[in-house]
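Shown below: my_file-v1.pdb, with PDB, C-alpha atoms and all ligand atoms.
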```
MODEL        1
ATOM      1  CA  MET A   1      -4.796   3.244  27.446
ATOM      2  CA  ASN A   2      -1.261   1.839  27.639
ATOM      3  CA  VAL A   3       1.362   4.324  26.463
ATOM      4  CA  PRO A   4       4.726   2.543  26.373
ATOM      5  CA  ILE A   5       7.809   4.303  27.766
ATOM      6  CA  LYS A   6      10.823   3.194  25.750
ATOM      7  CA  THR A   7      13.899   1.835  27.550
ATOM      8  CA  PRO A   8      17.362   3.149  26.571
ATOM      9  CA  ASP A   9      17.842  -0.025  24.505
ATOM     10  CA  GLU A  10      14.550   0.517  22.688
ATOM     11  CA  ILE A  11      15.398   4.176  22.096
ATOM     12  CA  GLY A  12      18.540   3.071  20.266
ATOM     13  CA  LYS A  13      16.427   0.808  18.067
ATOM     14  CA  MET A  14      13.892   3.593  17.411
ATOM     15  CA  ARG A  15      16.719   5.941  16.398
ATOM     16  CA  GLU A  16      17.910   3.363  13.872
ATOM     17  CA  ALA A  17      14.370   2.813  12.542
ATOM     18  CA  GLY A  18      13.890   6.569  12.138
ATOM     19  CA  ARG A  19      17.219   7.004  10.337
ATOM     20  CA  GLN A  20      16.308   4.177   7.980
ATOM     21  CA  ALA A  21      12.953   5.736   7.071
ATOM     22  CA  ALA A  22      14.695   9.075   6.407
ATOM     23  CA  SER A  23      17.280   7.327   4.222
ATOM     24  CA  VAL A  24      14.550   5.897   1.994
ATOM     25  CA  PHE A  25      13.397   9.460   1.210
ATOM     26  CA  GLU A  26      16.974  10.585   0.595
ATOM     27  CA  MET A  27      17.302   7.765  -1.963
ATOM     28  CA  LEU A  28      13.876   8.452  -3.488
ATOM     29  CA  ILE A  29      13.800  12.254  -3.850
ATOM     30  CA  PRO A  30      15.731  12.463  -7.172
ATOM     31  CA  HIS A  31      13.378   9.879  -8.723
ATOM     32  CA  VAL A  32      10.172  11.828  -8.067
ATOM     33  CA  THR A  33       9.591  13.696 -11.344
ATOM     34  CA  ALA A  34       6.849  14.179 -13.943
ATOM     35  CA  GLY A  35       6.287  10.973 -15.949
ATOM     36  CA  VAL A  36       7.298   8.474 -13.264
ATOM     37  CA  SER A  37       4.564   6.108 -12.059
ATOM     38  CA  THR A  38       3.718   5.615  -8.407
ATOM     39  CA  GLY A  39       4.194   1.875  -9.019
ATOM     40  CA  GLU A  40       7.844   2.526  -9.989
ATOM     41  CA  LEU A  41       8.356   4.609  -6.830
ATOM     42  CA  ASP A  42       6.882   1.766  -4.782
ATOM     43  CA  ARG A  43       9.314  -0.754  -6.312
ATOM     44  CA  LEU A  44      12.290   1.556  -5.716
ATOM     45  CA  CYS A  45      11.364   1.887  -2.030
ATOM     46  CA  HIS A  46      10.563  -1.784  -1.589
ATOM     47  CA  ASP A  47      13.874  -2.922  -3.080
ATOM     48  CA  TYR A  48      15.899  -0.337  -1.131
ATOM     49  CA  ILE A  49      14.246  -1.225   2.196
ATOM     50  CA  VAL A  50      14.643  -4.978   1.692
ATOM     51  CA  ASN A  51      18.014  -5.187  -0.109
ATOM     52  CA  GLU A  52      19.967  -2.150   1.143
ATOM     53  CA  LEU A  53      18.531  -1.758   4.652
ATOM     54  CA  GLY A  54      17.735  -5.410   5.425
ATOM     55  CA  SER A  55      14.367  -4.258   6.789
ATOM     56  CA  THR A  56      10.677  -4.623   5.918
ATOM     57  CA  PRO A  57       8.235  -2.100   4.437
ATOM     58  CA  ALA A  58       5.611  -2.102   7.215
ATOM     59  CA  PRO A  59       2.573  -1.209   5.033
ATOM     60  CA  LEU A  60       2.931  -4.312   2.827
ATOM     61  CA  ASP A  61       0.173  -6.736   3.909
ATOM     62  CA  TYR A  62      -0.703  -4.483   6.873
ATOM     63  CA  HIS A  63      -4.423  -5.255   7.280
ATOM     64  CA  GLY A  64      -4.226  -6.308   3.626
ATOM     65  CA  PHE A  65      -2.604  -3.152   2.189
ATOM     66  CA  PRO A  66      -1.247  -4.321  -1.193
ATOM     67  CA  LYS A  67       1.919  -2.185  -1.616
ATOM     68  CA  SER A  68       5.031  -1.078   0.289
ATOM     69  CA  ILE A  69       4.416   2.687   0.471
ATOM     70  CA  CYS A  70       1.419   5.022   0.285
ATOM     71  CA  THR A  71       1.249   7.555  -2.577
ATOM     72  CA  SER A  72      -1.508  10.150  -2.209
ATOM     73  CA  ILE A  73      -1.961  12.606  -5.078
ATOM     74  CA  ASN A  74      -3.897  15.934  -5.080
ATOM     75  CA  HIS A  75      -7.317  15.268  -3.432
ATOM     76  CA  VAL A  76      -6.158  11.945  -1.917
ATOM     77  CA  VAL A  77      -5.772  12.520   1.828
ATOM     78  CA  CYS A  78      -3.821   9.346   2.679
ATOM     79  CA  HIS A  79      -3.409   5.609   1.981
ATOM     80  CA  GLY A  80      -3.253   6.022  -1.819
ATOM     81  CA  ILE A  81      -2.182   2.764  -3.483
ATOM     82  CA  PRO A  82       0.786   2.865  -5.877
ATOM     83  CA  ASP A  83      -0.123   1.845  -9.413
ATOM     84  CA  ASP A  84       1.934   1.349 -12.603
ATOM     85  CA  ALA A  85      -0.707   3.204 -14.642
ATOM     86  CA  LYS A  86      -0.689   6.287 -12.362
ATOM     87  CA  LYS A  87       1.989   8.670 -13.691
ATOM     88  CA  LEU A  88       2.880  11.996 -12.085
ATOM     89  CA  LYS A  89       2.171  15.114 -14.101
ATOM     90  CA  LYS A  90       3.104  18.781 -13.799
ATOM     91  CA  GLY A  91       0.915  20.601 -11.308
ATOM     92  CA  ASP A  92       0.388  17.527  -9.105
ATOM     93  CA  ILE A  93       1.181  17.452  -5.413
ATOM     94  CA  MET A  94       1.815  14.087  -3.786
ATOM     95  CA  ASN A  95       2.378  12.708  -0.323
ATOM     96  CA  ILE A  96       4.640   9.693   0.024
ATOM     97  CA  ASP A  97       4.331   7.871   3.346
ATOM     98  CA  ILE A  98       7.079   5.403   4.254
ATOM     99  CA  THR A  99       7.242   3.108   7.269
ATOM    100  CA  VAL A 100      10.240   0.873   7.819
ATOM    101  CA  LYS A 101      10.238  -2.036  10.274
ATOM    102  CA  THR A 102      13.813  -2.928  11.192
ATOM    103  CA  ALA A 103      15.150  -6.450  11.681
ATOM    104  CA  ASP A 104      15.072  -5.533  15.418
ATOM    105  CA  GLY A 105      11.320  -5.092  15.110
ATOM    106  CA  TYR A 106      11.006  -1.301  15.552
ATOM    107  CA  HIS A 107       9.181   1.162  13.297
ATOM    108  CA  GLY A 108      10.117   4.515  11.731
ATOM    109  CA  ASP A 109       7.169   6.303  10.071
ATOM    110  CA  SER A 110       7.410   9.509   8.037
ATOM    111  CA  SER A 111       5.761  11.239   5.127
ATOM    112  CA  MET A 112       6.471  14.273   2.981
ATOM    113  CA  MET A 113       4.968  16.246   0.103
ATOM    114  CA  PHE A 114       6.371  16.429  -3.415
ATOM    115  CA  ILE A 115       5.454  19.260  -5.774
ATOM    116  CA  ILE A 116       5.645  18.295  -9.454
ATOM    117  CA  GLY A 117       6.313  21.310 -11.653
ATOM    118  CA  GLU A 118       4.572  24.484 -10.549
ATOM    119  CA  THR A 119       1.369  25.012  -8.578
ATOM    120  CA  ILE A 120       0.878  28.180  -6.563
ATOM    121  CA  GLN A 121      -2.050  26.791  -4.557
ATOM    122  CA  GLY A 122      -0.280  23.469  -4.016
ATOM    123  CA  GLU A 123       2.933  25.100  -2.846
ATOM    124  CA  ARG A 124       1.095  27.287  -0.337
ATOM    125  CA  LEU A 125      -0.864  24.324   1.039
ATOM    126  CA  CYS A 126       2.279  22.180   1.339
ATOM    127  CA  ARG A 127       4.194  24.974   3.085
ATOM    128  CA  VAL A 128       1.425  25.743   5.591
ATOM    129  CA  THR A 129       0.965  22.016   6.334
ATOM    130  CA  GLN A 130       4.693  21.592   7.032
ATOM    131  CA  GLU A 131       4.512  24.669   9.273
ATOM    132  CA  CYS A 132       1.644  22.980  11.160
ATOM    133  CA  LEU A 133       3.882  19.952  11.761
ATOM    134  CA  TYR A 134       6.848  22.104  12.801
ATOM    135  CA  HIS A 135       4.815  24.369  15.120
ATOM    136  CA  SER A 136       3.559  21.280  16.960
ATOM    137  CA  ILE A 137       6.959  19.532  17.109
ATOM    138  CA  GLU A 138       8.381  22.699  18.652
ATOM    139  CA  LEU A 139       6.043  22.304  21.651
ATOM    140  CA  VAL A 140       6.976  18.699  22.468
ATOM    141  CA  ARG A 141       8.554  18.166  25.904
ATOM    142  CA  PRO A 142       7.618  16.334  29.117
ATOM    143  CA  GLY A 143       4.458  17.710  30.745
ATOM    144  CA  VAL A 144       2.889  19.113  27.561
ATOM    145  CA  HIS A 145      -0.592  17.782  26.786
ATOM    146  CA  LEU A 146      -1.494  16.347  23.393
ATOM    147  CA  SER A 147      -4.285  18.929  23.017
ATOM    148  CA  GLU A 148      -1.676  21.714  23.005
ATOM    149  CA  LEU A 149      -0.106  20.135  19.900
ATOM    150  CA  ALA A 150      -3.552  19.809  18.315
ATOM    151  CA  ARG A 151      -4.417  23.460  18.960
ATOM    152  CA  ALA A 152      -1.122  24.655  17.424
ATOM    153  CA  ILE A 153      -1.927  22.716  14.249
ATOM    154  CA  GLN A 154      -5.589  23.682  14.046
ATOM    155  CA  SER A 155      -5.037  27.385  14.699
ATOM    156  CA  HIS A 156      -2.298  27.678  12.054
ATOM    157  CA  ALA A 157      -4.335  25.756   9.469
ATOM    158  CA  GLU A 158      -7.526  27.720  10.103
ATOM    159  CA  ALA A 159      -5.707  31.074  10.175
ATOM    160  CA  ASN A 160      -4.678  30.255   6.600
ATOM    161  CA  GLY A 161      -8.220  29.360   5.546
ATOM    162  CA  TYR A 162      -7.707  25.593   5.611
ATOM    163  CA  SER A 163      -9.358  22.749   7.554
ATOM    164  CA  VAL A 164      -7.894  19.874   9.585
ATOM    165  CA  VAL A 165      -8.802  16.265   8.734
ATOM    166  CA  ARG A 166     -10.448  14.539  11.717
ATOM    167  CA  ASP A 167     -10.878  11.008  10.423
ATOM    168  CA  PHE A 168      -7.175  10.065  10.695
ATOM    169  CA  CYS A 169      -4.659  10.789  13.423
ATOM    170  CA  GLY A 170      -1.081  10.325  14.572
ATOM    171  CA  HIS A 171      -0.147   7.505  16.918
ATOM    172  CA  GLY A 172       2.300   6.025  19.361
ATOM    173  CA  ILE A 173       4.952   3.914  17.630
ATOM    174  CA  GLY A 174       7.585   1.370  18.623
ATOM    175  CA  SER A 175       7.541  -2.406  18.238
ATOM    176  CA  GLY A 176       3.946  -1.766  17.165
ATOM    177  CA  PHE A 177       3.240   0.227  13.970
ATOM    178  CA  HIS A 178       0.300   1.926  15.696
ATOM    179  CA  GLU A 179       0.440   2.108  19.509
ATOM    180  CA  ASP A 180      -1.323   4.294  22.075
ATOM    181  CA  PRO A 181      -1.886   7.195  22.295
ATOM    182  CA  GLN A 182      -3.980   8.573  19.436
ATOM    183  CA  VAL A 183      -2.535  11.938  18.419
ATOM    184  CA  LEU A 184      -5.296  14.213  17.113
ATOM    185  CA  HIS A 185      -4.526  17.213  14.925
ATOM    186  CA  TYR A 186      -7.629  19.168  16.004
ATOM    187  CA  ASP A 187      -8.909  19.924  19.493
ATOM    188  CA  GLY A 188     -11.234  16.956  19.964
ATOM    189  CA  TYR A 189      -9.886  14.819  22.794
ATOM    190  CA  ALA A 190     -12.340  12.723  24.778
ATOM    191  CA  GLN A 191     -12.142  12.664  28.587
ATOM    192  CA  GLY A 192      -8.892  10.974  29.642
ATOM    193  CA  ALA A 193      -7.315  10.836  26.170
ATOM    194  CA  ASP A 194      -5.512  14.183  26.419
ATOM    195  CA  ILE A 195      -2.459  12.801  28.181
ATOM    196  CA  ALA A 196       0.673  14.647  29.313
ATOM    197  CA  LEU A 197       3.863  13.686  27.484
ATOM    198  CA  GLN A 198       6.590  11.836  29.358
ATOM    199  CA  GLU A 199      10.263  11.295  28.601
ATOM    200  CA  GLY A 200      10.692   8.097  26.576
ATOM    201  CA  MET A 201       7.410   8.242  24.699
ATOM    202  CA  CYS A 202       7.575   7.833  20.911
ATOM    203  CA  PHE A 203       4.754   8.997  18.648
ATOM    204  CA  THR A 204       4.009  10.504  15.259
ATOM    205  CA  ILE A 205       2.475  13.833  14.355
ATOM    206  CA  GLU A 206       1.031  13.727  10.823
ATOM    207  CA  PRO A 207      -1.422  16.547  10.102
ATOM    208  CA  MET A 208      -3.610  16.273   7.000
ATOM    209  CA  ILE A 209      -4.797  19.741   5.921
ATOM    210  CA  ASN A 210      -7.477  20.466   3.301
ATOM    211  CA  VAL A 211      -8.139  23.527   1.140
ATOM    212  CA  GLY A 212     -11.872  22.779   1.438
ATOM    213  CA  ASP A 213     -13.815  21.193   4.260
ATOM    214  CA  HIS A 214     -12.433  18.574   6.634
ATOM    215  CA  ARG A 215     -14.572  15.605   5.654
ATOM    216  CA  THR A 216     -13.132  12.535   3.927
ATOM    217  CA  LYS A 217     -14.417   9.357   2.346
ATOM    218  CA  VAL A 218     -12.763   6.040   1.537
ATOM    219  CA  LEU A 219     -13.012   4.792  -2.053
ATOM    220  CA  ARG A 220     -14.279   1.344  -2.975
ATOM    221  CA  ASP A 221     -10.750  -0.117  -2.949
ATOM    222  CA  GLY A 222     -11.148   0.053   0.842
ATOM    223  CA  TRP A 223      -8.001   2.208   1.328
ATOM    224  CA  THR A 224      -7.791   5.398  -0.732
ATOM    225  CA  ALA A 225      -9.096   8.253   1.449
ATOM    226  CA  VAL A 226     -10.130  11.383  -0.467
ATOM    227  CA  THR A 227     -11.537  14.759   0.495
ATOM    228  CA  LYS A 228     -15.310  14.567   0.253
ATOM    229  CA  ASP A 229     -15.427  17.834  -1.722
ATOM    230  CA  ARG A 230     -12.419  16.707  -3.866
ATOM    231  CA  SER A 231     -10.411  19.712  -2.664
ATOM    232  CA  LEU A 232      -6.609  19.658  -2.541
ATOM    233  CA  THR A 233      -5.013  18.153   0.592
ATOM    234  CA  ALA A 234      -1.504  17.780   2.044
ATOM    235  CA  GLN A 235       0.250  15.877   4.857
ATOM    236  CA  TRP A 236       3.682  15.770   6.506
ATOM    237  CA  GLU A 237       4.706  13.250   9.177
ATOM    238  CA  HIS A 238       7.586  12.641  11.567
ATOM    239  CA  THR A 239       8.315  10.053  14.254
ATOM    240  CA  LEU A 240       9.344  11.756  17.506
ATOM    241  CA  LEU A 241      10.986  10.865  20.816
ATOM    242  CA  VAL A 242      10.186  12.860  23.961
ATOM    243  CA  THR A 243      13.486  13.637  25.696
ATOM    244  CA  ALA A 244      14.160  15.139  29.149
ATOM    245  CA  SER A 245      14.629  18.589  27.618
ATOM    246  CA  GLY A 246      12.323  18.425  24.602
ATOM    247  CA  VAL A 247      12.143  16.380  21.434
ATOM    248  CA  GLU A 248      14.242  14.372  19.017
ATOM    249  CA  VAL A 249      12.951  14.089  15.424
ATOM    250  CA  LEU A 250      13.843  10.468  14.722
ATOM    251  CA  THR A 251      12.957  10.668  11.005
ATOM    252  CA  ALA A 252      14.749  13.979  10.262
ATOM    253  CA  ARG A 253      16.052  14.169   6.672
ATOM    254  CA  SER A 254      19.165  15.927   5.329
ATOM    255  CA  ASP A 255      17.006  18.259   3.176
ATOM    256  CA  GLU A 256      15.265  19.696   6.258
ATOM    257  CA  ASP A 257      16.128  22.718   8.373
ATOM    258  CA  LEU A 258      15.160  21.829  11.953
ATOM    259  CA  SER A 259      17.263  24.588  13.517
ATOM    260  CA  PHE A 260      14.049  26.054  15.001
ATOM    261  CA  LEU A 261      14.374  23.262  17.596
ATOM    262  CA  ASP A 262      17.723  24.556  18.934
ATOM    263  CA  ARG A 263      16.635  26.270  22.113
TER     264      ARG A 263
HETATM  265  N1  LIG B   1       2.044   5.175   7.470
HETATM  266  C1  LIG B   1       0.652   5.374   7.751
HETATM  267  C2  LIG B   1       0.604   6.138   9.055
HETATM  268  O1  LIG B   1       1.157   7.190   9.087
HETATM  269  C3  LIG B   1      -0.114   4.114   7.826
HETATM  270  C4  LIG B   1      -0.210   3.408   6.540
HETATM  271  S1  LIG B   1      -1.070   1.965   6.799
HETATM  272  C5  LIG B   1      -1.233   1.321   5.264
HETATM  273  O2  LIG B   1       0.159   5.729  10.073
HETATM  274  F1  LIG B   1      -1.683   0.149   5.431
HETATM  275  F2  LIG B   1      -2.017   2.094   4.550
HETATM  276  F3  LIG B   1      -0.061   1.315   4.694
HETATM  277 CO    CO B   2       1.905   7.320  11.048
HETATM  278 CO    CO B   3       2.961   7.207   7.936
ENDMDL
END
```
Please render this file's structure as structure tokens.
Amino acid sequence: MNVPIKTPDEIGKMREAGRQAASVFEMLIPHVTAGVSTGELDRLCHDYIVNELGSTPAPLDYHGFPKSICTSINHVVCHGIPDDAKKLKKGDIMNIDITVKTADGYHGDSSMMFIIGETIQGERLCRVTQECLYHSIELVRPGVHLSELARAIQSHAEANGYSVVRDFCGHGIGSGFHEDPQVLHYDGYAQGADIALQEGMCFTIEPMINVGDHRTKVLRDGWTAVTKDRSLTAQWEHTLLVTASGVEVLTARSDEDLSFLDR
């Protein structure tokens, strides 16, 4: 395993990549309403990333992925493909996952949930999943092991009656979209993979939490991952930098309250 430690110059480029990814959400949020298609949301993001930011949407053509963002609705765990025929309706919950690659060649990767209209079960799942992300971010500092982050996520999810997806994980990030290490969201590290964090590491945490059981399957399009039992699922993701004293959330958005990190 080769976990890159970012230089001060690279950290500057990661900060810019993270800010850009956050800015795509800030542009997009008012457009996410009942009746809009996921294909329209994809075009909005694509055009903003290319024309306003001068960057590239990293998913486009990534191992053949056909669109610029991932849109994952209700029982879709991740990697949902935007589609002009797929319109949002009241009661839906949806994850949008955005990764920007800057002209400098660095990545900012983040995802968030959108709740369309009202859904009591959906709102609870989305809130608990965001709490899982925040409880793990709060632990990040040099010397902490990845398994401690995983246990914080798993215990909060399971205490609320939910399960943690095992088939997908977080990842190191930098000039590569997906770098070492793998960041699991449940306590399942193999010998040697449960590394201690060091200042200058950049990685994502992106828990996927299911109302039903943890198993997933990929549909015949080769991308769309769904819960095997078709239960509701949610995900939130941030790109993080390990600092001397703790953590910087590189993809923090203006709609978020991260004051729990002030310590
Ligand atoms: N952004 C996703 C992640 O969090 C990866 C999407 S890859 C794609 O790692 F090809 F599906 F876009
Ligand atoms: Co990611
Ligand atoms: Co992502």
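Candidate residues A:Ser245, A:Gln182, A:Thr119, A:Thr7 were compared for distance to A:Ala150, and the nearest is A:Gln182, using all atoms listed in the file.
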**Asked** Residues picked by the PyMOL selection byres (((chain A and resi 246) around 8) and not hetatm) here, as number ranges by chain?
**Response** A: 139-142, 242-245, 247-248
**Prompt:** What does the PyMOL selection byres (((chain A and resi 260) around 10) and not hetatm) select in this file, as a list in words?
**Reply:**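 Answer for the PyMOL selection byres (((chain A and resi 260) around 10) and not hetatm): Tyr134, His135, Ile137, Glu138, Asp257, Leu258, Ser259, Leu261, Asp262 and Arg263 of chain A.
From atom CA of A:Pro57 back to atom CA of A:Val100, the distance works out to 4.9 Å.
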**Request:** Name the residues that the PyMOL selection byres (((chain A and resi 34-37) around 8) and not hetatm) picks from the file above, as a PyMOL selection string, using the file's chain letters and numbers.
**Result:** chain A and resi 31-33+38-41+82-90+116-117
Since the input is missing atoms for stretch 220-246 of chain A, could you rebuild it with N, CA and C atoms and give the result as a CSV table (one decimal), in the frame of the given file?
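New file rebuild21.csv:
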```csv
chain,number,residue,atom,x,y,z
A,220,ARG,N,-13.8,2.7,-3.0
A,220,ARG,CA,-14.3,1.3,-3.0
A,220,ARG,C,-13.1,0.3,-2.9
A,221,ASP,N,-11.9,0.8,-3.1
A,221,ASP,CA,-10.8,-0.1,-2.9
A,221,ASP,C,-10.5,-0.4,-1.5
A,222,GLY,N,-11.3,0.3,-0.6
A,222,GLY,CA,-11.1,0.1,0.8
A,222,GLY,C,-10.0,0.8,1.5
A,223,TRP,N,-9.2,1.5,0.8
A,223,TRP,CA,-8.0,2.2,1.3
A,223,TRP,C,-8.0,3.7,1.0
A,224,THR,N,-8.0,4.0,-0.3
A,224,THR,CA,-7.8,5.4,-0.7
A,224,THR,C,-8.8,6.4,-0.1
A,225,ALA,N,-8.2,7.2,0.8
A,225,ALA,CA,-9.1,8.3,1.4
A,225,ALA,C,-9.0,9.6,0.7
A,226,VAL,N,-10.1,10.1,0.3
A,226,VAL,CA,-10.1,11.4,-0.5
A,226,VAL,C,-10.9,12.4,0.3
A,227,THR,N,-10.7,13.7,-0.1
A,227,THR,CA,-11.5,14.8,0.5
A,227,THR,C,-12.9,14.6,-0.1
A,228,LYS,N,-13.9,14.8,0.7
A,228,LYS,CA,-15.3,14.6,0.3
A,228,LYS,C,-15.7,15.6,-0.8
A,229,ASP,N,-15.1,16.8,-0.7
A,229,ASP,CA,-15.4,17.8,-1.7
A,229,ASP,C,-14.4,17.8,-2.8
A,230,ARG,N,-13.5,16.8,-2.9
A,230,ARG,CA,-12.4,16.7,-3.9
A,230,ARG,C,-11.4,17.9,-3.9
A,231,SER,N,-11.4,18.6,-2.8
A,231,SER,CA,-10.4,19.7,-2.7
A,231,SER,C,-9.0,19.2,-2.4
A,232,LEU,N,-8.0,20.0,-2.7
A,232,LEU,CA,-6.6,19.7,-2.5
A,232,LEU,C,-6.3,19.4,-1.1
A,233,THR,N,-5.4,18.5,-0.8
A,233,THR,CA,-5.0,18.2,0.6
A,233,THR,C,-3.5,17.8,0.7
A,234,ALA,N,-2.9,18.1,1.9
A,234,ALA,CA,-1.5,17.8,2.0
A,234,ALA,C,-1.3,17.2,3.4
A,235,GLN,N,-0.1,16.5,3.6
A,235,GLN,CA,0.2,15.9,4.9
A,235,GLN,C,1.8,15.8,5.0
A,236,TRP,N,2.3,16.0,6.2
A,236,TRP,CA,3.7,15.8,6.5
A,236,TRP,C,3.7,15.0,7.8
A,237,GLU,N,4.7,14.1,8.0
A,237,GLU,CA,4.7,13.2,9.2
A,237,GLU,C,6.1,13.0,9.6
A,238,HIS,N,6.3,13.1,11.0
A,238,HIS,CA,7.6,12.6,11.6
A,238,HIS,C,7.3,11.7,12.7
A,239,THR,N,8.3,10.9,13.0
A,239,THR,CA,8.3,10.1,14.3
A,239,THR,C,9.2,10.8,15.3
A,240,LEU,N,8.7,10.9,16.5
A,240,LEU,CA,9.3,11.8,17.5
A,240,LEU,C,9.6,11.0,18.8
A,241,LEU,N,10.7,11.4,19.5
A,241,LEU,CA,11.0,10.9,20.8
A,241,LEU,C,10.9,12.0,21.8
A,242,VAL,N,10.2,11.8,22.9
A,242,VAL,CA,10.2,12.9,24.0
A,242,VAL,C,11.4,12.7,24.8
A,243,THR,N,12.3,13.7,24.9
A,243,THR,CA,13.5,13.6,25.7
A,243,THR,C,13.3,14.5,27.0
A,244,ALA,N,14.3,14.4,27.9
A,244,ALA,CA,14.2,15.1,29.1
A,244,ALA,C,14.0,16.6,28.9
A,245,SER,N,14.7,17.1,27.9
A,245,SER,CA,14.6,18.6,27.6
A,245,SER,C,13.7,19.0,26.5
A,246,GLY,N,13.2,18.0,25.7
A,246,GLY,CA,12.3,18.4,24.6
A,246,GLY,C,12.0,17.3,23.7
```
